[in-house]
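Here's protein_4.cif, which has mmCIF, C-alpha atoms and all ligand atoms:
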data_work
#
loop_
_atom_site.label_atom_id
_atom_site.label_comp_id
_atom_site.auth_asym_id
_atom_site.auth_seq_id
_atom_site.Cartn_x
_atom_site.Cartn_y
_atom_site.Cartn_z
CA MET H 1361 32.12 -15.45 -7.04
CA ALA H 1362 34.59 -12.57 -7.14
CA GLU H 1363 32.03 -9.75 -7.12
CA GLN H 1364 34.32 -7.00 -8.35
CA GLN H 1365 34.62 -8.83 -11.68
CA PHE H 1366 30.96 -8.52 -12.65
CA LEU H 1367 29.60 -5.84 -10.35
CA GLU H 1368 29.87 -2.08 -10.94
CA ARG H 1369 28.11 -1.29 -7.64
CA VAL H 1370 25.32 -2.45 -5.37
CA LEU H 1371 22.10 -0.59 -6.16
CA PHE H 1372 19.72 -2.03 -3.54
CA SER H 1373 20.86 -4.01 -0.52
CA GLU H 1374 19.06 -7.04 0.88
CA GLU H 1375 17.64 -4.82 3.66
CA GLN H 1376 16.38 -2.14 1.25
CA LEU H 1377 14.71 -4.82 -0.90
CA ALA H 1378 13.04 -6.48 2.09
CA LYS H 1379 11.68 -3.15 3.34
CA ARG H 1380 10.26 -2.07 -0.02
CA VAL H 1381 8.81 -5.50 -0.85
CA SER H 1382 6.98 -5.64 2.48
CA GLU H 1383 5.56 -2.14 1.81
CA LEU H 1384 4.31 -3.32 -1.59
CA GLY H 1385 2.78 -6.42 0.02
CA ARG H 1386 0.91 -4.31 2.56
CA GLN H 1387 -0.34 -1.90 -0.12
CA ILE H 1388 -1.56 -4.70 -2.39
CA SER H 1389 -3.20 -6.51 0.54
CA ALA H 1390 -5.14 -3.35 1.41
CA ASP H 1391 -6.20 -2.79 -2.21
CA TYR H 1392 -7.37 -6.40 -2.75
CA ARG H 1393 -9.21 -7.04 0.50
CA GLY H 1394 -12.09 -9.46 -0.20
CA LYS H 1395 -11.06 -9.94 -3.86
CA LYS H 1396 -8.96 -13.16 -3.68
CA PRO H 1397 -6.35 -11.99 -6.22
CA LEU H 1398 -4.44 -14.31 -8.53
CA PHE H 1399 -0.71 -13.54 -8.53
CA VAL H 1400 0.84 -14.39 -11.89
CA GLY H 1401 4.62 -14.60 -11.62
CA ILE H 1402 6.61 -14.08 -14.81
CA LEU H 1403 9.43 -16.60 -14.78
CA ARG H 1404 12.27 -16.71 -14.28
CA GLY H 1405 13.25 -13.22 -13.18
CA CYS H 1406 10.38 -12.85 -10.69
CA ILE H 1407 11.31 -15.79 -8.46
CA LEU H 1408 12.91 -14.10 -5.44
CA PHE H 1409 10.70 -11.01 -5.62
CA TYR H 1410 7.57 -13.16 -6.01
CA ALA H 1411 8.38 -15.38 -3.02
CA ASP H 1412 9.12 -12.39 -0.77
CA LEU H 1413 6.08 -10.44 -1.97
CA ILE H 1414 3.67 -13.35 -1.41
CA LYS H 1415 4.92 -13.72 2.16
CA ASN H 1416 3.73 -10.16 2.74
CA ILE H 1417 0.23 -10.67 1.29
CA SER H 1418 -2.34 -10.95 4.05
CA VAL H 1419 -5.48 -11.69 1.98
CA ASP H 1420 -6.58 -15.03 0.48
CA CYS H 1421 -4.93 -15.42 -2.92
CA THR H 1422 -3.91 -18.05 -5.47
CA LEU H 1423 -0.66 -18.38 -7.40
CA ASP H 1424 0.18 -19.18 -11.01
CA PHE H 1425 3.10 -18.62 -13.38
CA MET H 1426 3.97 -17.88 -16.98
CA CYS H 1427 7.35 -18.04 -18.63
CA LEU H 1428 8.06 -15.40 -21.27
CA SER H 1429 11.27 -14.93 -23.14
CA SER H 1430 12.72 -11.94 -24.98
CA TYR H 1431 16.17 -11.15 -23.63
CA SER H 1432 19.55 -12.34 -24.76
CA GLY H 1433 22.66 -11.05 -22.92
CA THR H 1434 22.02 -7.41 -21.97
CA GLY H 1435 19.56 -6.54 -24.75
CA SER H 1436 15.90 -7.24 -25.49
CA THR H 1437 15.35 -9.10 -28.75
CA GLY H 1438 11.92 -7.47 -29.01
CA HIS H 1439 10.44 -10.86 -29.98
CA VAL H 1440 8.46 -12.05 -26.97
CA ARG H 1441 7.37 -15.68 -26.80
CA THR H 1442 5.25 -17.63 -24.31
CA MET H 1443 7.32 -20.58 -23.11
CA LEU H 1444 4.84 -21.64 -20.39
CA ASP H 1445 1.20 -20.59 -20.07
CA LEU H 1446 -1.12 -20.32 -17.05
CA ARG H 1447 -2.65 -23.47 -15.55
CA GLU H 1448 -5.63 -21.63 -14.06
CA SER H 1449 -8.40 -19.77 -15.88
CA ILE H 1450 -8.39 -16.03 -15.14
CA GLN H 1451 -12.11 -15.65 -15.95
CA GLY H 1452 -13.60 -13.25 -13.39
CA ARG H 1453 -10.33 -13.05 -11.42
CA HIS H 1454 -8.44 -10.03 -10.15
CA VAL H 1455 -5.00 -10.65 -11.65
CA VAL H 1456 -1.76 -9.13 -10.36
CA ILE H 1457 1.16 -9.74 -12.73
CA VAL H 1458 4.43 -9.97 -10.80
CA GLU H 1459 7.38 -8.98 -12.97
CA ASP H 1460 11.03 -8.34 -12.12
CA ILE H 1461 11.58 -5.26 -14.29
CA VAL H 1462 9.75 -3.25 -16.94
CA ASP H 1463 12.21 -1.86 -19.46
CA THR H 1464 11.04 -1.22 -23.05
CA GLY H 1465 7.57 -2.39 -22.01
CA LEU H 1466 7.38 -4.83 -24.95
CA THR H 1467 7.07 -7.90 -22.71
CA MET H 1468 4.20 -6.44 -20.68
CA GLU H 1469 2.48 -5.13 -23.81
CA TYR H 1470 2.63 -8.64 -25.29
CA LEU H 1471 1.35 -10.19 -22.05
CA MET H 1472 -1.54 -7.75 -21.70
CA LYS H 1473 -2.61 -8.59 -25.27
CA GLN H 1474 -2.42 -12.32 -24.43
CA LEU H 1475 -4.54 -11.96 -21.28
CA LYS H 1476 -6.99 -9.29 -22.47
CA ASP H 1477 -9.53 -11.66 -23.98
CA ARG H 1478 -9.51 -14.20 -21.14
CA GLY H 1479 -12.23 -12.47 -19.11
CA ALA H 1480 -10.30 -11.24 -16.05
CA ALA H 1481 -12.16 -8.85 -13.73
CA SER H 1482 -9.02 -6.71 -13.55
CA ILE H 1483 -5.34 -6.93 -14.46
CA GLU H 1484 -2.58 -4.85 -12.84
CA ILE H 1485 1.19 -5.01 -13.03
CA CYS H 1486 3.46 -5.11 -9.99
CA CYS H 1487 7.14 -4.77 -10.87
CA LEU H 1488 10.10 -4.57 -8.55
CA LEU H 1489 12.03 -2.26 -10.89
CA ASP H 1490 10.96 0.19 -13.57
CA LYS H 1491 13.17 1.80 -16.21
CA PRO H 1492 10.80 4.50 -17.52
CA GLY H 1493 13.58 6.12 -19.57
CA ASN H 1494 13.80 3.13 -21.90
CA ARG H 1495 10.10 2.68 -22.81
CA LYS H 1496 9.19 1.90 -26.41
CA VAL H 1497 5.49 1.31 -25.76
CA GLU H 1498 3.10 2.65 -23.15
CA VAL H 1499 2.89 0.37 -20.13
CA THR H 1500 1.95 1.69 -16.69
CA PRO H 1501 2.62 -0.64 -13.74
CA LYS H 1502 0.33 0.14 -10.79
CA TYR H 1503 2.84 -1.09 -8.19
CA ILE H 1504 6.54 -0.24 -8.57
CA GLY H 1505 9.31 -1.10 -6.13
CA PHE H 1506 11.96 1.30 -7.42
CA SER H 1507 12.42 3.40 -10.57
CA ILE H 1508 15.97 3.16 -11.90
CA GLU H 1509 18.19 4.68 -14.57
CA ASN H 1510 18.82 2.92 -17.84
CA GLU H 1511 21.46 0.52 -16.52
CA PHE H 1512 21.64 -3.26 -16.77
CA VAL H 1513 21.08 -4.78 -13.34
CA ILE H 1514 21.56 -8.26 -11.92
CA GLY H 1515 20.74 -10.19 -8.76
CA TYR H 1516 17.61 -10.97 -6.70
CA GLY H 1517 16.27 -13.09 -9.59
CA LEU H 1518 17.69 -10.99 -12.43
CA ASP H 1519 20.31 -12.63 -14.62
CA TYR H 1520 23.03 -12.02 -17.12
CA ASN H 1521 23.03 -15.06 -19.41
CA GLU H 1522 21.33 -17.06 -16.62
CA LEU H 1523 23.99 -16.20 -14.01
CA TYR H 1524 23.71 -14.09 -10.83
CA ARG H 1525 20.01 -14.72 -10.11
CA ASN H 1526 21.05 -16.01 -6.67
CA LEU H 1527 22.58 -12.74 -5.43
CA PRO H 1528 20.50 -11.47 -2.47
CA TYR H 1529 20.93 -7.81 -3.57
CA ILE H 1530 20.57 -5.92 -6.86
CA GLY H 1531 23.66 -4.52 -8.52
CA VAL H 1532 24.70 -2.79 -11.72
CA PHE H 1533 26.38 -5.23 -14.08
CA LYS H 1534 29.93 -4.41 -15.06
CA LYS H 1535 30.36 -4.80 -18.82
CA GLN H 1536 33.48 -6.83 -19.58
P1 LIG B 1601 11.06 -5.28 -21.66
O1 LIG B 1601 10.23 -6.17 -22.56
O2 LIG B 1601 10.23 -4.37 -20.80
O3 LIG B 1601 12.11 -4.53 -22.45
O4 LIG B 1601 11.93 -6.20 -20.74
C1 LIG B 1601 11.39 -7.04 -19.82
C2 LIG B 1601 12.35 -8.14 -19.47
O5 LIG B 1601 13.69 -7.87 -19.88
C3 LIG B 1601 12.42 -8.30 -17.97
O6 LIG B 1601 11.46 -9.20 -17.52
C4 LIG B 1601 13.82 -8.82 -17.75
O7 LIG B 1601 13.82 -10.22 -17.85
C5 LIG B 1601 14.61 -8.25 -18.89
N1 LIG B 1601 15.36 -7.06 -18.48
C6 LIG B 1601 15.11 -5.76 -18.74
N2 LIG B 1601 16.02 -4.95 -18.17
C7 LIG B 1601 16.88 -5.78 -17.51
C8 LIG B 1601 18.03 -5.53 -16.70
O8 LIG B 1601 18.50 -4.40 -16.44
N3 LIG B 1601 18.64 -6.63 -16.18
C9 LIG B 1601 18.20 -7.90 -16.40
N4 LIG B 1601 18.87 -8.89 -15.85
N5 LIG B 1601 17.12 -8.16 -17.16
C10 LIG B 1601 16.46 -7.10 -17.70
#
What is this structure when it is put down as structure tokens?
Amino acid sequence: MAEQQFLERVLFSEEQLAKRVSELGRQISADYRGKKPLFVGILRGCILFYADLIKNISVDCTLDFMCLSSYSGTGSTGHVRTMLDLRESIQGRHVVIVEDIVDTGLTMEYLMKQLKDRGAASIEICCLLDKPGNRKVEVTPKYIGFSIENEFVIGYGLDYNELYRNLPYIGVFKKQ
């Protein structure tokens, strides 16, 4: 991969990500002591963040995943669909949604509506990145890794047309 071809600049290095993710893990562990939270990863963008976050959770917890789809290229289509639903019931559970990035908020709004009537004891959102300047609907993640400007980013699980998820850092995508 010739990085200069697709990368404007590195936004968060591997070290910065590791430090912030471990802080989030410690904070969530403290907040959920004795509650056995269920971590719901939103595929596929969450994968690297989810794995690193879970390693920093020090309370008993269970894991599940959903796959939602709304993006094409560098823009949200606004039409969110569930491609894969949860295997576990969330009845009575303390749910922590683990998302890569909250942008317009449409995906999280859709997900909250989907999960609302399933009887969870609580539902909170943990996102690695937040783009508050681009919100179209009100969504308030409780745990946020970093707030960023309205730029399209790649790496550490985030893709452009399914590429670049494997980069260990997060960078600003260079438009061709
Ligand atoms: P929202 O519904 O909040 O607009 O967008 C949520 C989803 O859009 C995220 O889960 C992510 O998959 C995708 N997304 C939003 N902003 C970016 C971005 O800057 N880069 C990448 N790769 N995906 C993004």
Shell around segment 1426-1431 of chain H at 12 Å using all atoms listed in the file, local window under 2 positions removed, as a VMD selection string: chain H and resid 1399 to 1407 1423 to 1424 1433 to 1448 1457 to 1461 1463 to 1471 1474 to 1475 1512 1518 to 1522
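Residue nearest Val1513 of chain H, chosen from H:Arg1453, H:Arg1380, H:Arg1386, H:Arg1525 and counting all atoms listed in the file: H:Arg1525.
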Counting only C-alpha atoms and all ligand atoms, which residue out of H:Lys1476, H:Lys1395, H:Arg1369, H:Lys1496 sits closest to ligand LIG 1601 (chain B)? H:Lys1496
Got a sec: who's within 9 Å of Ala1480 of chain H, counting all atoms listed in the file, leaving out chain neighbours fewer than 3 positions off, as a ChimeraX atom specification? /H:1449-1455,1475-1477,1483
Near Gln1376 of chain H, counting all atoms listed in the file, which residues have an atom at most 12 Å away, once you skip same-chain residues fewer than 3 positions from it, shown as a ChimeraX atom specification? /H:1370-1373,1379-1383,1488,1505-1506,1516,1528-1530
Any idea what's packed within 9 Å of Gly1385 of chain H, counting only C-alpha atoms, ignoring anything in its chain fewer than 4 positions away? Could you give it as a ChimeraX atom specification? /H:1380-1381,1389-1390,1412-1418
Would you please work out which residue, of H:Thr1422, H:Gln1365, H:Ser1482, H:Asn1526, is nearest to ligand LIG 1601 (chain B) when using all atoms listed in the file?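 Ranking H:Thr1422, H:Gln1365, H:Ser1482, H:Asn1526 by distance to ligand LIG 1601 (chain B), first place goes to H:Asn1526.
Coordinates place atom CA of Leu1367 of chain H at a distance of 10.1 Å from atom CA of Gln1536 of chain H.
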May I ask which of the residues H:Ile1485, H:Asp1490, H:Glu1509, H:Val1462 is the closest one to ligand LIG 1601 (chain B), counting only C-alpha atoms and all ligand atoms? H:Val1462
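One finds atom CA of Phe1366 of chain H at 19.0 Å from atom CA of Ile1508 of chain H.
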Nearest to ligand LIG 1601 (chain B), chosen from H:Leu1527, H:Tyr1392, H:Gly1517, H:Arg1478, with only C-alpha atoms and all ligand atoms counted in the distances: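 That would be H:Gly1517, the residue with the smallest distance to ligand LIG 1601 (chain B).
Taking atom O8 of ligand LIG 1601 (chain B) and atom CA of Lys1491 of chain H as the two end points, the separation is 8.2 Å.
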Selecting C-alpha atoms, how would segment 1502-1528 of chain H from this structure be written as a tab-separated table (two decimals), in the first residue's frame?
chain	number	residue	atom	x	y	z
H	1502	LYS	CA	-22.15	8.13	26.67
H	1503	TYR	CA	-18.59	7.02	25.89
H	1504	ILE	CA	-16.60	8.77	23.15
H	1505	GLY	CA	-12.99	8.09	22.20
H	1506	PHE	CA	-12.34	11.26	20.20
H	1507	SER	CA	-14.50	14.02	18.69
H	1508	ILE	CA	-13.38	14.90	15.17
H	1509	GLU	CA	-14.09	17.41	12.43
H	1510	ASN	CA	-16.32	16.56	9.51
H	1511	GLU	CA	-13.71	14.62	7.54
H	1512	PHE	CA	-13.87	11.13	6.08
H	1513	VAL	CA	-11.53	8.85	8.01
H	1514	ILE	CA	-10.19	5.36	7.38
H	1515	GLY	CA	-8.24	2.68	9.23
H	1516	TYR	CA	-8.54	0.78	12.54
H	1517	GLY	CA	-11.69	-0.95	11.22
H	1518	LEU	CA	-13.02	1.97	9.16
H	1519	ASP	CA	-13.17	1.47	5.41
H	1520	TYR	CA	-13.46	3.20	2.10
H	1521	ASN	CA	-15.34	0.79	-0.17
H	1522	GLU	CA	-14.22	-2.08	2.10
H	1523	LEU	CA	-10.51	-1.19	1.87
H	1524	TYR	CA	-8.13	0.10	4.57
H	1525	ARG	CA	-9.84	-1.51	7.59
H	1526	ASN	CA	-6.52	-3.21	8.39
H	1527	LEU	CA	-4.53	0.01	8.97
H	1528	PRO	CA	-3.44	0.11	12.65
